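Below is one structure, written out as structure tokens, with a few remarks after it.
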Amino acid sequence: MSSVALDQAGETKSGREAAAPARASRRRAPGRTGLWPTVAKACGLFALAMIYIPLIFLAVMSFTPNPLSGVPYPLTVEHYAALAGDERWMGPMRTSLFMSALVALTCMVLATVVGRALTRMRSPGAPLLLTLIPLFVPGLTMGAALFIFLRTILGLTLGLWSIYLAQLIWALPFCLLLVLVVASRFDLNLLEAAEDLGASPWRRFFDVELPILKPGIFGAGIFGFLLSFNELPRSLFVRGIDTTMPIYNWAMAASQQSQVPIIFSLTTLLLAITLPVMGTFFWVLFVKLDKS
Amino acid sequence: MTTAPPASPILEIIDAVHVYDDVVALDGVSITAAPGEFLTILGESGSGKTTLLRIISGLETPYSVRVLRLGGVDVRDTPAFKRNCTTVFQNYALFPHMSVGENVAYGLKVRGTPASERETRSREALRLVQLEDMYDRRVHQLSGGQRQRVALARALVPQPDILLLDEPLGALDERLRVDMQVELMGLQKTLGTTFVYITHSQEEALTMSDRILLMRHGKIEQTGTPTDIFDRPVSAFAARFMGVDNCFEGDLISLDGERADVMVGGERLAGRWSGKRKPKAGEKVAIGMRAEWLTLADTAPDRDDINVLPCRGDGAIYKGKYLDRTVDTGVAPMKARIWDVASAVPEPSFVWWKKDDCIVMNA
């Protein structure tokens with residue numbers, strides 16, 4: 001059985017060398033004709049292509065004079081030069097970076113506090129469901145609801161604080177799920193052991209619980225940041241007169257102005273920075289720390 | 001004879017009561033332990049022995065307790081992390097994110113001991129449990145037996161007044177368990193630390209303890225040295241728990257000092273009284289005899305100091321070292337242990353045992 005699985009996994013590489021013994025065992029495993037693995041591989045490749053080809057195309061087109069023409073020729077860096085000369089996107093960028101960092105930090109703290117509490121409850125079902133429901137509320141609905149509540153009912157002046165609130169509501173359930181994955185497996189006996197050895201409540205938390213929950217909390221931070229950084233529909237409603245990066249991009253792309261090409265350069269730059277940073281981060285967090 | 005604890009006990013609990021939801025876990029338990037004593041709390045699961053241990057360590061706050069003193073100090077309001085006693089947990093509860101050395105040193109770290117002294121003392125503790133080479137290992141690289149030793153070293157390093165052990169050998173295989181019993185006893189002698197040891201195995205309790213506390217339904221059934229409890233169980237429960245194979249109920253005919261006469265299923269049997277509360281004639285009592293004290297024979301010996309019952313051979317279970325023979329007497333089926341299988345009677349018609357080897361207790 002295992003020889004069949006091994007052989008099929010390495011089919012492209014060593015299929016021919018292992019052909020003789022594999023064929024014998026394959027006959028004994030009905031239904032494993034080799035067709036389905038091939039179909040699965042094809043579907044997988046197609047899906048990956050659909051994800052990455054547009055991204056690559058975006059990057060390529062950001063180097064052409066007219067990105068919307070669809071012709072990647074001739075190559076030029078004029079949009080990047082224009083981006084450097086333009087200062088209008090820098091304000092929204094700063095706002096977004098600051099806002100996302102704050103949302104990420106809040107998410108890490110709140111998700112940890114709530115996640116710990118939920119795993120210690122006798123019946124955490126109802127509170128868990130209530131915290132997770134914002135996941136399923138459409139962005140525009142949530143944005144409109146917040147707008148009506150904050151602006152028209154409470155009569156507050158909207159601005160950065162309400163964007164922060166809206167993004168927090170959006171990001172927190174995801175972060176909570178990430179923390180719950182590790183918190184639900186956490187063995188509470190370890191805290192008793194630490195207590196028994198003389199550790200005060202704070203020491204127990206910092207020495208035992210926090211290190212074990214760390215992957216989940218950092219994961220919550222990363223996702224909190226990304227979700228906040230990309231959030232558009234809710235922010236649109238509650239922005240007041242403030243502008244975040246996605247709002248700026250959206251406004252620019254929608255306005256059919258001459259600034260459109262520099263959006264492509266900007267998003268390409270973001271991609272070029274974000275992907276390697278996130279990749280390294282995940283690698284350190286889940287591969288390297290796990291092994292040591 | 002019960003060894004009376006000296007004047008200043010290191011552990012003293014009077015009248016501890018604890019309730020979980022609607023279940024009474026401890027029902028007025030009082031215990032003391034002398035410094036350097038190896039005290040075993042023996043009982044079935046659910047008898048309240050773990051609750052008692054958690055009340056000593058402070059991980060559980062009793063519903064009510066009159067006196068709770070560790071080393072002469074009242075600790076009723078002292079949280080667990082300020083009490084000078086440590087626990088070896090049943091599931092070990094080693095910190096998975098720390099190395100073996102860090103685990104062992106943790107008790108010193110939270111006490112603010114300097115790093116160099118921490119390492120010296122942790123290595124010393126690991127040497128005591130024969131794991132000196134494992135200092136830098138990760139916990140998940142260890143076997144069950146090794147984890148058990150690390151848990152032991154971790155609990156010993158802060159030099160507690162009392163070491164609490166919650167069925168520490170329960171998860172180990174037979175061979176390892178016997179080895180560890182000997183090691184634990186040696187360790188306890190060397191260090192002179194008071195051990196409070198929880199187990200459900202009478203064999204473990206008899207082997208290791210200075211004194212045994214037998215618990216039942218949140219109460220203490222009997223306290224005494226291993227020989228006390230083994231030879232003089234006070235009740236049918238204690239007798240069965242200590243491995244008395246044949247235990248029946250009967251009616252007391254007379255009780256004269258140590259000698260008790262009991263009517264069981266129409267037969268008059270005599271034994272020595274070992275119960276707690278002296279019953280009146282006619283009351284229900286329990287009578288018990290160990291399988292190894294019974295002799296099977298073709299003819300009944302003509303002696304005064306024995307009980308004899310006619311019997312018919314029934315089943316037999318071969319156990320390797322011995323043979324367990326079941327015989328059917330008029331009273332009840334009885335189990336006799338035969339060590340010398342070759343010279344055993346194939347079809348016995350009588351079973352007899354000494355009156356001194358027959359114990360009569362509270363039912």
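Going through the structure tokens in order, the chains are called A, B, and so on, while each chain numbers its residues from 1 and the ligands are numbered from 1 in the order shown.
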Hey, what's within 12 Å of range 261-271 of chain A if we count only C-alpha atoms and toss same-chain stuff fewer than 5 positions away? As an MDAnalysis selection string, please?
-> chainID A and resid 52 54:69 76:90 93 97 226 229:230 245:256 276:279
Keeping C-alpha atoms for every residue in the selection just given, could you write it to a file as a PDB file, in the first residue's frame?
ATOM      1  CA  TYR A  52      -0.208  33.792  -9.741  1.00  0.00           C
ATOM      2  CA  PRO A  54      -2.533  37.875 -12.809  1.00  0.00           C
ATOM      3  CA  LEU A  55      -0.059  38.923 -10.114  1.00  0.00           C
ATOM      4  CA  ILE A  56       2.902  38.415 -12.428  1.00  0.00           C
ATOM      5  CA  PHE A  57       1.018  40.194 -15.209  1.00  0.00           C
ATOM      6  CA  LEU A  58       0.345  43.136 -12.905  1.00  0.00           C
ATOM      7  CA  ALA A  59       4.035  43.384 -12.110  1.00  0.00           C
ATOM      8  CA  VAL A  60       4.982  43.226 -15.782  1.00  0.00           C
ATOM      9  CA  MET A  61       2.385  45.758 -16.878  1.00  0.00           C
ATOM     10  CA  SER A  62       3.564  48.238 -14.236  1.00  0.00           C
ATOM     11  CA  PHE A  63       6.695  48.571 -16.385  1.00  0.00           C
ATOM     12  CA  THR A  64       4.797  49.460 -19.586  1.00  0.00           C
ATOM     13  CA  PRO A  65       3.651  52.939 -20.706  1.00  0.00           C
ATOM     14  CA  ASN A  66      -0.025  52.000 -20.779  1.00  0.00           C
ATOM     15  CA  PRO A  67      -0.816  49.170 -18.337  1.00  0.00           C
ATOM     16  CA  LEU A  68      -4.459  48.930 -19.391  1.00  0.00           C
ATOM     17  CA  SER A  69      -3.528  48.309 -23.032  1.00  0.00           C
ATOM     18  CA  THR A  76       9.736  51.672 -18.985  1.00  0.00           C
ATOM     19  CA  VAL A  77      10.182  52.810 -15.374  1.00  0.00           C
ATOM     20  CA  GLU A  78       8.337  56.120 -15.917  1.00  0.00           C
ATOM     21  CA  HIS A  79       5.484  55.166 -13.549  1.00  0.00           C
ATOM     22  CA  TYR A  80       7.937  54.374 -10.780  1.00  0.00           C
ATOM     23  CA  ALA A  81       9.589  57.721 -11.356  1.00  0.00           C
ATOM     24  CA  ALA A  82       6.168  59.390 -11.229  1.00  0.00           C
ATOM     25  CA  LEU A  83       5.393  57.499  -8.034  1.00  0.00           C
ATOM     26  CA  ALA A  84       8.541  58.816  -6.421  1.00  0.00           C
ATOM     27  CA  GLY A  85       7.679  62.334  -7.502  1.00  0.00           C
ATOM     28  CA  ASP A  86       4.079  62.116  -6.346  1.00  0.00           C
ATOM     29  CA  GLU A  87       3.398  62.764  -2.682  1.00  0.00           C
ATOM     30  CA  ARG A  88      -0.366  62.303  -2.564  1.00  0.00           C
ATOM     31  CA  TRP A  89      -0.228  58.526  -1.857  1.00  0.00           C
ATOM     32  CA  MET A  90       2.211  58.884   1.006  1.00  0.00           C
ATOM     33  CA  MET A  93       0.144  54.942   3.125  1.00  0.00           C
ATOM     34  CA  LEU A  97       0.640  51.399   8.090  1.00  0.00           C
ATOM     35  CA  LEU A 226      -3.054  42.126   6.579  1.00  0.00           C
ATOM     36  CA  PHE A 229      -4.249  46.873   5.564  1.00  0.00           C
ATOM     37  CA  ASN A 230      -6.536  45.564   2.792  1.00  0.00           C
ATOM     38  CA  MET A 245      -4.314  53.179   1.222  1.00  0.00           C
ATOM     39  CA  PRO A 246      -7.086  50.921  -0.124  1.00  0.00           C
ATOM     40  CA  ILE A 247      -9.491  53.882  -0.227  1.00  0.00           C
ATOM     41  CA  TYR A 248      -6.917  55.933  -2.124  1.00  0.00           C
ATOM     42  CA  ASN A 249      -6.185  53.110  -4.584  1.00  0.00           C
ATOM     43  CA  TRP A 250      -9.850  52.485  -5.122  1.00  0.00           C
ATOM     44  CA  ALA A 251     -10.591  56.165  -5.690  1.00  0.00           C
ATOM     45  CA  MET A 252      -7.718  56.495  -8.115  1.00  0.00           C
ATOM     46  CA  ALA A 253      -8.566  53.356 -10.043  1.00  0.00           C
ATOM     47  CA  ALA A 254     -12.225  54.345 -10.231  1.00  0.00           C
ATOM     48  CA  SER A 255     -11.655  57.890 -11.370  1.00  0.00           C
ATOM     49  CA  GLN A 256     -10.135  57.119 -14.794  1.00  0.00           C
ATOM     50  CA  PRO A 276       9.092  37.885   1.069  1.00  0.00           C
ATOM     51  CA  VAL A 277       8.619  39.470   4.499  1.00  0.00           C
ATOM     52  CA  MET A 278       5.539  37.400   5.270  1.00  0.00           C
ATOM     53  CA  GLY A 279       7.154  34.285   3.826  1.00  0.00           C
TER      54      GLY A 279
END
Based on only C-alpha atoms, which of the residues in chain A come within 6 Å of chain B? I want them as a PDB file with C-alpha atoms, in the first residue's frame.
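Saved the output as out.pdb:
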ATOM      1  CA  LEU A 190       1.012  22.978  33.075  1.00  0.00           C
ATOM      2  CA  GLU A 195       2.000  27.216  40.428  1.00  0.00           C
ATOM      3  CA  ASP A 196       3.045  24.213  42.458  1.00  0.00           C
ATOM      4  CA  LEU A 197       6.709  25.026  41.765  1.00  0.00           C
ATOM      5  CA  GLY A 198       6.234  28.526  43.141  1.00  0.00           C
ATOM      6  CA  ALA A 199       5.323  30.694  40.141  1.00  0.00           C
TER       7      ALA A 199
END
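Excluding range 153-159 of chain A itself and same-chain residues fewer than 2 positions from it, the residues having an atom within 9 Å of it are Phe147, Ile148, Phe149, Leu150, Arg151, Trp161, Ser162, Ile163, Tyr164, Val238, Arg239, Gly240, Ile241, Asp242 and Thr243 of chain A, counting only C-alpha atoms.
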Written file, previous selection with C-alpha atoms, as a compact mmCIF listing (two decimals), in the first residue's frame:
# COMPACT_ATOMS: atom_id res chain seq x y z
CA PHE A 147 -22.19 54.43 9.86
CA ILE A 148 -25.85 54.69 10.82
CA PHE A 149 -25.15 53.81 14.42
CA LEU A 150 -22.12 56.03 14.99
CA ARG A 151 -22.92 58.97 12.75
CA TRP A 161 -11.01 56.14 15.26
CA SER A 162 -14.09 54.76 13.51
CA ILE A 163 -11.96 53.20 10.75
CA TYR A 164 -9.94 51.55 13.52
CA VAL A 238 -16.90 55.23 8.38
CA ARG A 239 -13.87 57.14 7.03
CA GLY A 240 -15.21 60.62 7.63
CA ILE A 241 -12.69 62.68 5.70
CA ASP A 242 -9.74 60.36 6.30
CA THR A 243 -8.18 58.16 3.65
DSSP strand (DSSP E or B) selection over range 209-324 of chain B, as a ChimeraX atom specification | /B:211-216,219-224,235,246-256,259-264,267-273,284-289,295-297,306-318,323-324
Distance query Leu11 in chain B at most 10 Å, only C-alpha atoms, self and fewer than 3 positions along chain excluded, as an MDAnalysis selection string | chainID B and resid 8 31:35 56 68:73 161:162 194 196
Output C-alpha atoms for every residue in that selection, as a compact mmCIF listing (two decimals), in the first residue's frame.
# COMPACT_ATOMS: atom_id res chain seq x y z
CA SER B 8 5.80 18.58 65.86
CA ILE B 31 -4.05 13.40 58.93
CA THR B 32 -0.60 14.13 60.25
CA ALA B 33 2.84 13.32 58.95
CA ALA B 34 6.11 13.34 60.85
CA PRO B 35 9.24 14.88 59.31
CA ILE B 56 -2.04 19.97 50.78
CA LEU B 68 -4.10 23.00 57.84
CA ARG B 69 -0.46 23.38 58.82
CA LEU B 70 2.71 22.76 56.83
CA GLY B 71 5.89 22.76 58.89
CA GLY B 72 3.93 24.19 61.79
CA VAL B 73 2.72 27.19 59.77
CA ASP B 161 9.40 20.34 53.11
CA ILE B 162 7.00 17.81 51.68
CA THR B 194 8.66 13.82 53.87
CA VAL B 196 3.13 11.89 50.72
What's the 6 Å shell around range 275-280 of chain B, counting only C-alpha atoms, without same-chain residues fewer than 4 positions away, as a PDB file with C-alpha atoms, in the first residue's frame?
ATOM      1  CA  VAL B 234     -10.575  -3.293  60.358  1.00  0.00           C
ATOM      2  CA  MET B 361     -13.911  -7.484  61.322  1.00  0.00           C
ATOM      3  CA  ASN B 362     -16.670  -4.914  61.148  1.00  0.00           C
TER       4      ASN B 362
END
Just asking: which residues within range 79-264 of chain A are helix (DSSP H, G or I) according to DSSP, as number ranges by chain?
-> A: 79-85, 90-120, 125-136, 139-153, 160-183, 189-196, 201-230, 233-238, 245-254, 260-264
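Each of B:Ala239, B:Val29, B:Val104, B:Ala205 was checked against Ile14 in chain B using only C-alpha atoms; the smallest atom-to-atom distance is that of B:Val29.
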Asp324 in chain B surroundings by only C-alpha atoms, 12 Å radius, close-in-sequence under 4 positions cut, as a PDB file with C-alpha atoms, in the first residue's frame:
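Writing done, so here's selection.pdb:
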ATOM      1  CA  ASP B 245      -9.254 -13.320  48.908  1.00  0.00           C
ATOM      2  CA  ARG B 290      -6.137 -15.183  52.705  1.00  0.00           C
ATOM      3  CA  ALA B 291      -5.966 -17.845  50.017  1.00  0.00           C
ATOM      4  CA  GLU B 292      -2.396 -18.729  50.971  1.00  0.00           C
ATOM      5  CA  LEU B 294      -5.926 -22.333  53.409  1.00  0.00           C
ATOM      6  CA  THR B 295      -4.883 -25.960  53.213  1.00  0.00           C
ATOM      7  CA  LEU B 296      -6.732 -28.541  51.113  1.00  0.00           C
ATOM      8  CA  GLY B 313     -12.901 -29.308  44.261  1.00  0.00           C
ATOM      9  CA  ASP B 314     -13.994 -26.874  41.603  1.00  0.00           C
ATOM     10  CA  GLY B 315     -11.882 -24.877  39.210  1.00  0.00           C
ATOM     11  CA  ALA B 316      -8.186 -24.125  39.137  1.00  0.00           C
ATOM     12  CA  ILE B 317      -6.226 -21.254  37.665  1.00  0.00           C
ATOM     13  CA  TYR B 318      -2.562 -21.747  36.891  1.00  0.00           C
ATOM     14  CA  LYS B 319      -0.573 -18.595  37.726  1.00  0.00           C
ATOM     15  CA  GLY B 320       2.956 -19.773  37.035  1.00  0.00           C
ATOM     16  CA  MET B 334     -13.332 -20.289  48.523  1.00  0.00           C
ATOM     17  CA  LYS B 335      -9.979 -19.739  46.923  1.00  0.00           C
ATOM     18  CA  ALA B 336      -6.901 -21.611  48.096  1.00  0.00           C
ATOM     19  CA  ARG B 337      -3.398 -20.876  46.879  1.00  0.00           C
ATOM     20  CA  ILE B 338      -1.169 -23.872  46.341  1.00  0.00           C
ATOM     21  CA  TRP B 339       2.564 -23.266  45.999  1.00  0.00           C
ATOM     22  CA  ASP B 340       3.695 -26.863  45.829  1.00  0.00           C
ATOM     23  CA  VAL B 341       1.615 -28.032  42.891  1.00  0.00           C
ATOM     24  CA  ALA B 344      -1.294 -31.039  45.998  1.00  0.00           C
TER      25      ALA B 344
END
Just the residues within 7 Å of Gly221 in chain A, please, counting only C-alpha atoms, with nothing from its chain fewer than 3 positions along; format it as a list in words.
-> Ala104, Leu105, Cys107, Met108, Ile217, Phe218, Gly224 and Phe225 of chain A
May I have the selected residues written with C-alpha atoms, as a short mmCIF file (atom, residue, chain, number, x, y, z; two decimals), in the first residue's frame?
data_model
loop_
_atom_site.label_atom_id
_atom_site.label_comp_id
_atom_site.auth_asym_id
_atom_site.auth_seq_id
_atom_site.Cartn_x
_atom_site.Cartn_y
_atom_site.Cartn_z
CA ALA A 104 -2.72 44.06 14.70
CA LEU A 105 -1.52 44.90 18.20
CA CYS A 107 -6.00 41.95 17.89
CA MET A 108 -3.06 40.14 19.48
CA ILE A 217 -0.67 35.16 18.88
CA PHE A 218 1.90 36.10 16.25
CA GLY A 224 -4.75 41.35 11.85
CA PHE A 225 -2.27 43.54 10.02
#
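Checking A:Leu48, A:Leu129, A:Val179, A:Leu232 one by one against Pro215 in chain A, counting only C-alpha atoms, you find the shortest gap at A:Val179.
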